[in-house]
$ cat data24.cif   # mmCIF, C-alpha atoms and all ligand atoms
data_start
loop_
_atom_site.group_PDB
_atom_site.id
_atom_site.type_symbol
_atom_site.label_atom_id
_atom_site.label_comp_id
_atom_site.auth_asym_id
_atom_site.auth_seq_id
_atom_site.Cartn_x
_atom_site.Cartn_y
_atom_site.Cartn_z
ATOM 1 C CA MET N 1 11.351 -8.346 -19.361
ATOM 2 C CA ILE N 2 10.101 -11.122 -17.105
ATOM 3 C CA PHE N 3 12.537 -12.863 -14.762
ATOM 4 C CA GLU N 4 11.216 -16.401 -14.724
ATOM 5 C CA ASN N 5 10.478 -17.663 -11.186
ATOM 6 C CA ARG N 6 12.270 -14.736 -9.499
ATOM 7 C CA PHE N 7 9.621 -14.772 -6.756
ATOM 8 C CA GLN N 8 9.086 -18.531 -6.662
ATOM 9 C CA GLY N 9 8.307 -19.633 -3.108
ATOM 10 C CA ARG N 10 7.676 -16.056 -1.931
ATOM 11 C CA LYS N 11 4.399 -14.780 -0.550
ATOM 12 C CA ALA N 12 3.695 -11.109 -1.309
ATOM 13 C CA VAL N 13 1.068 -8.792 0.186
ATOM 14 C CA ILE N 14 0.344 -5.695 -1.884
ATOM 15 C CA THR N 15 -1.807 -3.001 -0.247
ATOM 16 C CA GLY N 16 -3.808 -0.887 -2.653
ATOM 17 C CA GLY N 17 -3.125 -3.633 -5.169
ATOM 18 C CA ALA N 18 -6.457 -3.395 -6.970
ATOM 19 C CA ALA N 19 -5.388 -0.326 -8.966
ATOM 20 C CA GLY N 20 -2.539 1.779 -10.222
ATOM 21 C CA LEU N 21 1.035 1.131 -9.127
ATOM 22 C CA GLY N 22 0.034 -1.608 -6.687
ATOM 23 C CA ARG N 23 -1.809 -3.515 -9.373
ATOM 24 C CA GLY N 24 1.166 -3.356 -11.704
ATOM 25 C CA ILE N 25 3.489 -4.584 -8.962
ATOM 26 C CA ALA N 26 1.083 -7.390 -7.996
ATOM 27 C CA GLU N 27 0.792 -8.594 -11.580
ATOM 28 C CA ARG N 28 4.554 -8.464 -12.046
ATOM 29 C CA ILE N 29 5.336 -10.453 -8.901
ATOM 30 C CA ALA N 30 2.687 -13.023 -9.862
ATOM 31 C CA ALA N 31 4.083 -13.259 -13.406
ATOM 32 C CA GLU N 32 7.507 -13.949 -11.894
ATOM 33 C CA GLY N 33 6.254 -16.848 -9.792
ATOM 34 C CA GLY N 34 5.214 -15.150 -6.525
ATOM 35 C CA ASP N 35 2.155 -16.060 -4.485
ATOM 36 C CA VAL N 36 0.393 -12.703 -4.374
ATOM 37 C CA GLU N 37 -2.352 -11.532 -2.020
ATOM 38 C CA ILE N 38 -3.905 -8.255 -3.054
ATOM 39 C CA TRP N 39 -5.243 -6.092 -0.231
ATOM 40 C CA ASP N 40 -7.659 -3.314 -1.068
ATOM 41 C CA ILE N 41 -10.701 -1.548 0.347
ATOM 42 C CA ASN N 42 -12.506 -1.656 -3.019
ATOM 43 C CA ALA N 43 -14.444 -4.933 -3.132
ATOM 44 C CA GLU N 44 -15.755 -4.323 -6.636
ATOM 45 C CA ALA N 45 -12.255 -3.846 -8.030
ATOM 46 C CA LEU N 46 -10.978 -6.923 -6.163
ATOM 47 C CA ALA N 47 -13.710 -9.093 -7.711
ATOM 48 C CA ALA N 48 -12.035 -8.730 -11.119
ATOM 49 C CA PHE N 49 -8.843 -10.527 -10.011
ATOM 50 C CA ASP N 50 -8.149 -14.216 -10.380
ATOM 51 C CA MET N 51 -5.429 -14.121 -7.718
ATOM 52 C CA SER N 52 -5.846 -14.160 -3.964
ATOM 53 C CA THR N 53 -7.492 -10.994 -2.609
ATOM 54 C CA ARG N 54 -8.548 -9.556 0.728
ATOM 55 C CA GLN N 55 -10.943 -6.683 1.250
ATOM 56 C CA ILE N 56 -9.441 -4.641 4.045
ATOM 57 C CA ASP N 57 -9.189 -1.062 5.243
ATOM 58 C CA VAL N 58 -5.507 -0.737 6.079
ATOM 59 C CA THR N 59 -6.219 2.194 8.424
ATOM 60 C CA ASP N 60 -7.713 -0.411 10.784
ATOM 61 C CA ALA N 61 -4.664 -1.498 12.794
ATOM 62 C CA THR N 62 -6.373 -4.519 14.343
ATOM 63 C CA ALA N 63 -7.612 -5.798 10.988
ATOM 64 C CA VAL N 64 -4.124 -5.314 9.540
ATOM 65 C CA ALA N 65 -2.485 -7.259 12.371
ATOM 66 C CA ASP N 66 -4.948 -10.150 12.008
ATOM 67 C CA ALA N 67 -4.682 -10.268 8.223
ATOM 68 C CA MET N 68 -0.887 -10.126 8.301
ATOM 69 C CA THR N 69 -0.751 -13.065 10.715
ATOM 70 C CA GLN N 70 -2.904 -15.038 8.309
ATOM 71 C CA ALA N 71 -1.005 -13.978 5.195
ATOM 72 C CA GLN N 72 2.547 -14.613 6.524
ATOM 73 C CA PRO N 73 4.221 -12.549 3.777
ATOM 74 C CA ASP N 74 7.863 -12.599 2.704
ATOM 75 C CA ILE N 75 7.279 -9.386 0.752
ATOM 76 C CA LEU N 76 5.135 -6.379 1.644
ATOM 77 C CA VAL N 77 4.421 -3.555 -0.766
ATOM 78 C CA CYS N 78 2.452 -0.628 0.707
ATOM 79 C CA SER N 79 0.845 1.135 -2.215
ATOM 80 C CA ALA N 80 -2.541 2.142 -0.767
ATOM 81 C CA GLY N 81 -2.573 5.920 -0.722
ATOM 82 C CA ILE N 82 -4.570 8.991 -1.599
ATOM 83 C CA THR N 83 -3.728 12.544 -2.577
ATOM 84 C CA GLY N 84 -6.603 14.358 -0.914
ATOM 85 C CA PRO N 85 -7.950 17.742 -1.965
ATOM 86 C CA ASN N 86 -5.608 20.238 -3.552
ATOM 87 C CA THR N 87 -6.300 23.613 -2.001
ATOM 88 C CA THR N 88 -4.887 26.319 0.208
ATOM 89 C CA THR N 89 -3.900 25.631 3.814
ATOM 90 C CA TRP N 90 -6.602 27.906 5.180
ATOM 91 C CA ASP N 91 -9.316 26.219 3.094
ATOM 92 C CA TYR N 92 -8.118 22.699 3.753
ATOM 93 C CA PRO N 93 -10.782 20.594 5.542
ATOM 94 C CA ILE N 94 -9.376 19.068 8.732
ATOM 95 C CA ASP N 95 -11.184 15.767 8.119
ATOM 96 C CA ASP N 96 -9.431 15.427 4.763
ATOM 97 C CA TRP N 97 -6.054 16.255 6.330
ATOM 98 C CA LEU N 98 -6.552 13.530 8.920
ATOM 99 C CA ARG N 99 -7.818 11.039 6.334
ATOM 100 C CA VAL N 100 -4.696 11.466 4.178
ATOM 101 C CA HIS N 101 -2.377 11.077 7.160
ATOM 102 C CA ASP N 102 -4.252 8.057 8.428
ATOM 103 C CA LEU N 103 -3.780 6.206 5.149
ATOM 104 C CA ASN N 104 -0.486 7.578 3.797
ATOM 105 C CA LEU N 105 1.361 7.476 7.114
ATOM 106 C CA ASN N 106 -0.394 5.583 9.918
ATOM 107 C CA ALA N 107 -1.553 2.648 7.786
ATOM 108 C CA VAL N 108 1.955 2.179 6.391
ATOM 109 C CA PHE N 109 3.226 1.976 9.973
ATOM 110 C CA TYR N 110 0.506 -0.562 10.898
ATOM 111 C CA CYS N 111 1.427 -2.764 7.934
ATOM 112 C CA ASN N 112 5.192 -2.502 8.525
ATOM 113 C CA ARG N 113 4.769 -3.122 12.257
ATOM 114 C CA ALA N 114 2.702 -6.256 11.637
ATOM 115 C CA ALA N 115 4.867 -7.643 8.821
ATOM 116 C CA ALA N 116 8.367 -7.108 10.240
ATOM 117 C CA PRO N 117 8.182 -9.735 13.023
ATOM 118 C CA ILE N 118 6.912 -12.321 10.534
ATOM 119 C CA MET N 119 9.840 -11.631 8.212
ATOM 120 C CA ARG N 120 12.296 -11.615 11.104
ATOM 121 C CA GLY N 121 10.939 -15.033 12.101
ATOM 122 C CA LYS N 122 11.522 -16.323 8.584
ATOM 123 C CA GLY N 123 15.002 -14.816 8.443
ATOM 124 C CA TRP N 124 14.157 -13.072 5.149
ATOM 125 C CA GLY N 125 11.852 -10.289 4.069
ATOM 126 C CA ARG N 126 11.425 -7.232 1.889
ATOM 127 C CA ILE N 127 9.251 -4.183 2.575
ATOM 128 C CA ILE N 128 8.623 -1.499 -0.030
ATOM 129 C CA ASN N 129 6.667 1.600 0.953
ATOM 130 C CA ILE N 130 5.533 3.656 -2.030
ATOM 131 C CA ALA N 131 5.955 7.354 -1.248
ATOM 132 C CA SER N 132 6.011 10.400 -3.494
ATOM 133 C CA ILE N 133 8.496 12.824 -4.949
ATOM 134 C CA ALA N 134 6.349 15.406 -3.121
ATOM 135 C CA GLY N 135 7.869 14.183 0.129
ATOM 136 C CA LYS N 136 11.388 14.861 -1.148
ATOM 137 C CA GLU N 137 11.014 17.920 -3.329
ATOM 138 C CA GLY N 138 7.887 19.505 -1.846
ATOM 139 C CA ILE N 139 5.086 20.923 -3.956
ATOM 140 C CA ARG N 140 3.891 24.447 -4.484
ATOM 141 C CA THR N 141 0.169 24.062 -3.887
ATOM 142 C CA PRO N 142 -0.595 23.188 -0.265
ATOM 143 C CA ARG N 143 -1.954 19.718 0.205
ATOM 144 C CA PRO N 144 -1.154 17.071 2.797
ATOM 145 C CA THR N 145 0.919 14.812 0.548
ATOM 146 C CA PRO N 146 4.435 15.965 1.633
ATOM 147 C CA PRO N 147 4.248 15.699 5.460
ATOM 148 C CA PRO N 148 3.278 12.016 5.712
ATOM 149 C CA ARG N 149 5.739 11.157 2.959
ATOM 150 C CA GLN N 150 8.541 12.984 4.739
ATOM 151 C CA ALA N 151 7.735 11.236 7.998
HETATM 152 N N1 LIG N 201 0.285 7.603 -9.541
HETATM 153 C C1 LIG N 201 1.252 8.507 -9.345
HETATM 154 O O1 LIG N 201 1.666 9.257 -10.245
HETATM 155 C C2 LIG N 201 1.902 8.619 -7.978
HETATM 156 C C3 LIG N 201 2.928 9.534 -7.805
HETATM 157 C C4 LIG N 201 3.555 9.619 -6.561
HETATM 158 C C5 LIG N 201 3.132 8.825 -5.520
HETATM 159 N N2 LIG N 201 2.106 7.958 -5.708
HETATM 160 C C6 LIG N 201 1.696 7.147 -4.555
HETATM 161 O O2 LIG N 201 1.708 5.780 -4.936
HETATM 162 C C7 LIG N 201 0.643 5.092 -4.263
HETATM 163 C C8 LIG N 201 -0.257 4.430 -5.285
HETATM 164 O O3 LIG N 201 -0.760 5.423 -6.147
HETATM 165 P P1 LIG N 201 -1.714 5.030 -7.348
HETATM 166 O O4 LIG N 201 -1.706 6.167 -8.301
HETATM 167 O O5 LIG N 201 -1.381 3.660 -7.838
HETATM 168 O O6 LIG N 201 -3.129 5.029 -6.582
HETATM 169 P P2 LIG N 201 -4.529 4.400 -7.053
HETATM 170 O O7 LIG N 201 -5.577 5.354 -6.583
HETATM 171 O O8 LIG N 201 -4.506 4.012 -8.483
HETATM 172 O O9 LIG N 201 -4.612 3.069 -6.178
HETATM 173 C C9 LIG N 201 -4.670 3.130 -4.784
HETATM 174 C C10 LIG N 201 -5.423 1.912 -4.296
HETATM 175 O O10 LIG N 201 -5.493 2.009 -2.861
HETATM 176 C C11 LIG N 201 -6.777 1.552 -2.456
HETATM 177 N N3 LIG N 201 -7.113 2.087 -1.147
HETATM 178 C C12 LIG N 201 -7.497 3.362 -0.845
HETATM 179 N N4 LIG N 201 -7.762 3.467 0.457
HETATM 180 C C13 LIG N 201 -7.528 2.238 1.009
HETATM 181 C C14 LIG N 201 -7.630 1.727 2.323
HETATM 182 N N5 LIG N 201 -8.035 2.502 3.355
HETATM 183 N N6 LIG N 201 -7.322 0.424 2.538
HETATM 184 C C15 LIG N 201 -6.929 -0.363 1.511
HETATM 185 N N7 LIG N 201 -6.819 0.069 0.240
HETATM 186 C C16 LIG N 201 -7.113 1.362 -0.007
HETATM 187 C C17 LIG N 201 -7.708 2.065 -3.548
HETATM 188 O O11 LIG N 201 -8.945 1.367 -3.546
HETATM 189 C C18 LIG N 201 -6.872 1.833 -4.802
HETATM 190 O O12 LIG N 201 -7.123 0.547 -5.354
HETATM 191 C C19 LIG N 201 -0.083 6.137 -3.424
HETATM 192 O O13 LIG N 201 0.424 6.091 -2.125
HETATM 193 C C20 LIG N 201 0.264 7.432 -4.106
HETATM 194 O O14 LIG N 201 0.226 8.528 -3.218
HETATM 195 C C21 LIG N 201 1.494 7.830 -6.895
#

$ encode --input "data24.cif" --output "structure tokens" --more "lines below"
Ligand SMILES: NC(=O)c1ccc[n+]([C@@H]2O[C@H](COP(=O)([O-])OP(=O)(O)OC[C@H]3O[C@@H](n4cnc5c(N)ncnc54)[C@H](O)[C@@H]3O)[C@@H](O)[C@H]2O)c1
Amino acid sequence: MIFENRFQGRKAVITGGAAGLGRGIAERIAAEGGDVEIWDINAEALAAFDMSTRQIDVTDATAVADAMTQAQPDILVCSAGITGPNTTTWDYPIDDWLRVHDLNLNAVFYCNRAAAPIMRGKGWGRIINIASIAGKEGIRTPRPTPPPRQA
């Protein structure tokens, strides 16, 4: 069910919006009248969109701050995220652990930190950070999904 013009006059930034949940959210906000800017690291995937896009690595705090100033969003949806390898703690590569935390935790903070003052200035804003049930319930096989989601 589409709510006609629900997001009319609202600018939305969707990180990780070129695929999966982010893409669905981006298309829905656009269908309901929002001005959507899709942020994603995958340039090839972004090329397929006919809405506004920005190739960006959201783990780059400076790039995020600059892009957010340009975008001036009313709505921020942080959907960029990765699962990382699924293996035992003792086999888990440290680089992969850090990579997951950098995107699933630090990048969300960078985006929130940059967007909040803009929304405060406008007197209106909405931020949605996509997490995982793994952060709430935990999961049996060790992987780094729960800790950044719990934080
Ligand atoms: N799909 C699920 O069942 C599920 C379940 C629980 C939680 N989640 C969480 O929801 C979020 C979205 O999941 P999804 O399945 O839609 O993922 P997805 O892999 O389909 O899409 C993620 C998008 O993020 C982009 N991305 C990756 N690294 C990036 C970076 N450094 N900068 C900018 N963009 C980057 C990718 O290019 C991709 O387009 C993730 O945080 C994921 O952990 C998903």

$ residues_near_ligand --input "data24.cif" --ligand "ligand LIG 201 (chain N)" --cutoff "7 Å" --atoms "only C-alpha atoms and all ligand atoms" --output "list of chain:residue names"
N:Thr15, N:Gly16, N:Gly17, N:Ala18, N:Ala19, N:Gly20, N:Leu21, N:Gly22, N:Trp39, N:Asp40, N:Ile41, N:Asn42, N:Ile56, N:Asp57, N:Val58, N:Thr59, N:Ser79, N:Ala80, N:Gly81, N:Ile82, N:Thr83, N:Leu103, N:Asn104, N:Ile130, N:Ala131, N:Ser132, N:Ile133

$ atom_distance --input "data24.cif" --atom1 "atom CA of N:Ile127" --atom2 "atom CA of N:Gln72"
13.0 Å

$ closest_residue --input "data24.cif" --among "N:Arg6, N:Lys11, N:Arg28, N:Arg149" --to "N:Arg126" --atoms "all atoms listed in the file"
N:Lys11

$ resolve_selection --input "data24.cif" --expression "the PyMOL selection byres (((chain N and resi 106-108) around 8) and not hetatm)" --output "ChimeraX atom specification"
/N:58-61,78,101-105,109-112,129

$ residues_near_point --input "data24.cif" --point "(5.4, -9.9, 5.3)" --cutoff "8 Å" --atoms "all atoms listed in the file" --output "list in words"
Lys11, Ala12, Val13, Met68, Ala71, Gln72, Pro73, Asp74, Ile75, Leu76, Ala114, Ala115, Ala116, Ile118, Met119, Gly125, Arg126 and Ile127 of chain N

$ atom_distance --input "data24.cif" --atom1 "atom CA of N:Gly34" --atom2 "atom CA of N:Arg10"
5.3 Å

$ atom_distance --input "data24.cif" --atom1 "atom CA of N:Pro85" --atom2 "atom CA of N:Thr53"
28.7 Å

$ residues_near_point --input "data24.cif" --point "(5.3, -10.9, -15.7)" --cutoff "8 Å" --atoms "all atoms listed in the file" --output "list in words"
Met1, Ile2, Phe3, Glu27, Arg28, Ile29, Ala30, Ala31 and Glu32 of chain N

$ build_atoms --input "data24.cif" --residues "stretch 25-38 of chain N" --atoms "N, CA and C atoms" --output "PDB file, in the frame of the given file"
ATOM      1  N   ILE N  25       2.498  -3.831  -9.753  1.00  0.00           N
ATOM      2  CA  ILE N  25       3.489  -4.584  -8.962  1.00  0.00           C
ATOM      3  C   ILE N  25       2.971  -5.996  -8.666  1.00  0.00           C
ATOM      4  N   ALA N  26       1.682  -6.081  -8.304  1.00  0.00           N
ATOM      5  CA  ALA N  26       1.083  -7.390  -7.996  1.00  0.00           C
ATOM      6  C   ALA N  26       1.152  -8.315  -9.211  1.00  0.00           C
ATOM      7  N   GLU N  27       0.803  -7.767 -10.366  1.00  0.00           N
ATOM      8  CA  GLU N  27       0.792  -8.594 -11.580  1.00  0.00           C
ATOM      9  C   GLU N  27       2.210  -9.025 -11.949  1.00  0.00           C
ATOM     10  N   ARG N  28       3.165  -8.139 -11.711  1.00  0.00           N
ATOM     11  CA  ARG N  28       4.554  -8.464 -12.046  1.00  0.00           C
ATOM     12  C   ARG N  28       5.106  -9.565 -11.118  1.00  0.00           C
ATOM     13  N   ILE N  29       4.843  -9.429  -9.836  1.00  0.00           N
ATOM     14  CA  ILE N  29       5.336 -10.453  -8.901  1.00  0.00           C
ATOM     15  C   ILE N  29       4.683 -11.799  -9.210  1.00  0.00           C
ATOM     16  N   ALA N  30       3.381 -11.771  -9.523  1.00  0.00           N
ATOM     17  CA  ALA N  30       2.687 -13.023  -9.862  1.00  0.00           C
ATOM     18  C   ALA N  30       3.263 -13.627 -11.148  1.00  0.00           C
ATOM     19  N   ALA N  31       3.534 -12.772 -12.131  1.00  0.00           N
ATOM     20  CA  ALA N  31       4.083 -13.259 -13.406  1.00  0.00           C
ATOM     21  C   ALA N  31       5.471 -13.862 -13.217  1.00  0.00           C
ATOM     22  N   GLU N  32       6.161 -13.435 -12.158  1.00  0.00           N
ATOM     23  CA  GLU N  32       7.507 -13.949 -11.894  1.00  0.00           C
ATOM     24  C   GLU N  32       7.494 -15.009 -10.790  1.00  0.00           C
ATOM     25  N   GLY N  33       6.323 -15.644 -10.629  1.00  0.00           N
ATOM     26  CA  GLY N  33       6.254 -16.848  -9.792  1.00  0.00           C
ATOM     27  C   GLY N  33       5.846 -16.650  -8.355  1.00  0.00           C
ATOM     28  N   GLY N  34       5.584 -15.401  -7.921  1.00  0.00           N
ATOM     29  CA  GLY N  34       5.214 -15.150  -6.525  1.00  0.00           C
ATOM     30  C   GLY N  34       3.769 -15.518  -6.238  1.00  0.00           C
ATOM     31  N   ASP N  35       3.507 -15.798  -4.970  1.00  0.00           N
ATOM     32  CA  ASP N  35       2.155 -16.060  -4.485  1.00  0.00           C
ATOM     33  C   ASP N  35       1.645 -14.729  -3.937  1.00  0.00           C
ATOM     34  N   VAL N  36       0.784 -14.081  -4.699  1.00  0.00           N
ATOM     35  CA  VAL N  36       0.393 -12.703  -4.374  1.00  0.00           C
ATOM     36  C   VAL N  36      -0.970 -12.652  -3.698  1.00  0.00           C
ATOM     37  N   GLU N  37      -1.058 -11.829  -2.647  1.00  0.00           N
ATOM     38  CA  GLU N  37      -2.352 -11.532  -2.020  1.00  0.00           C
ATOM     39  C   GLU N  37      -2.572 -10.033  -2.133  1.00  0.00           C
ATOM     40  N   ILE N  38      -3.600  -9.666  -2.848  1.00  0.00           N
ATOM     41  CA  ILE N  38      -3.905  -8.255  -3.054  1.00  0.00           C
ATOM     42  C   ILE N  38      -4.832  -7.775  -1.949  1.00  0.00           C
TER      43      ILE N  38
END
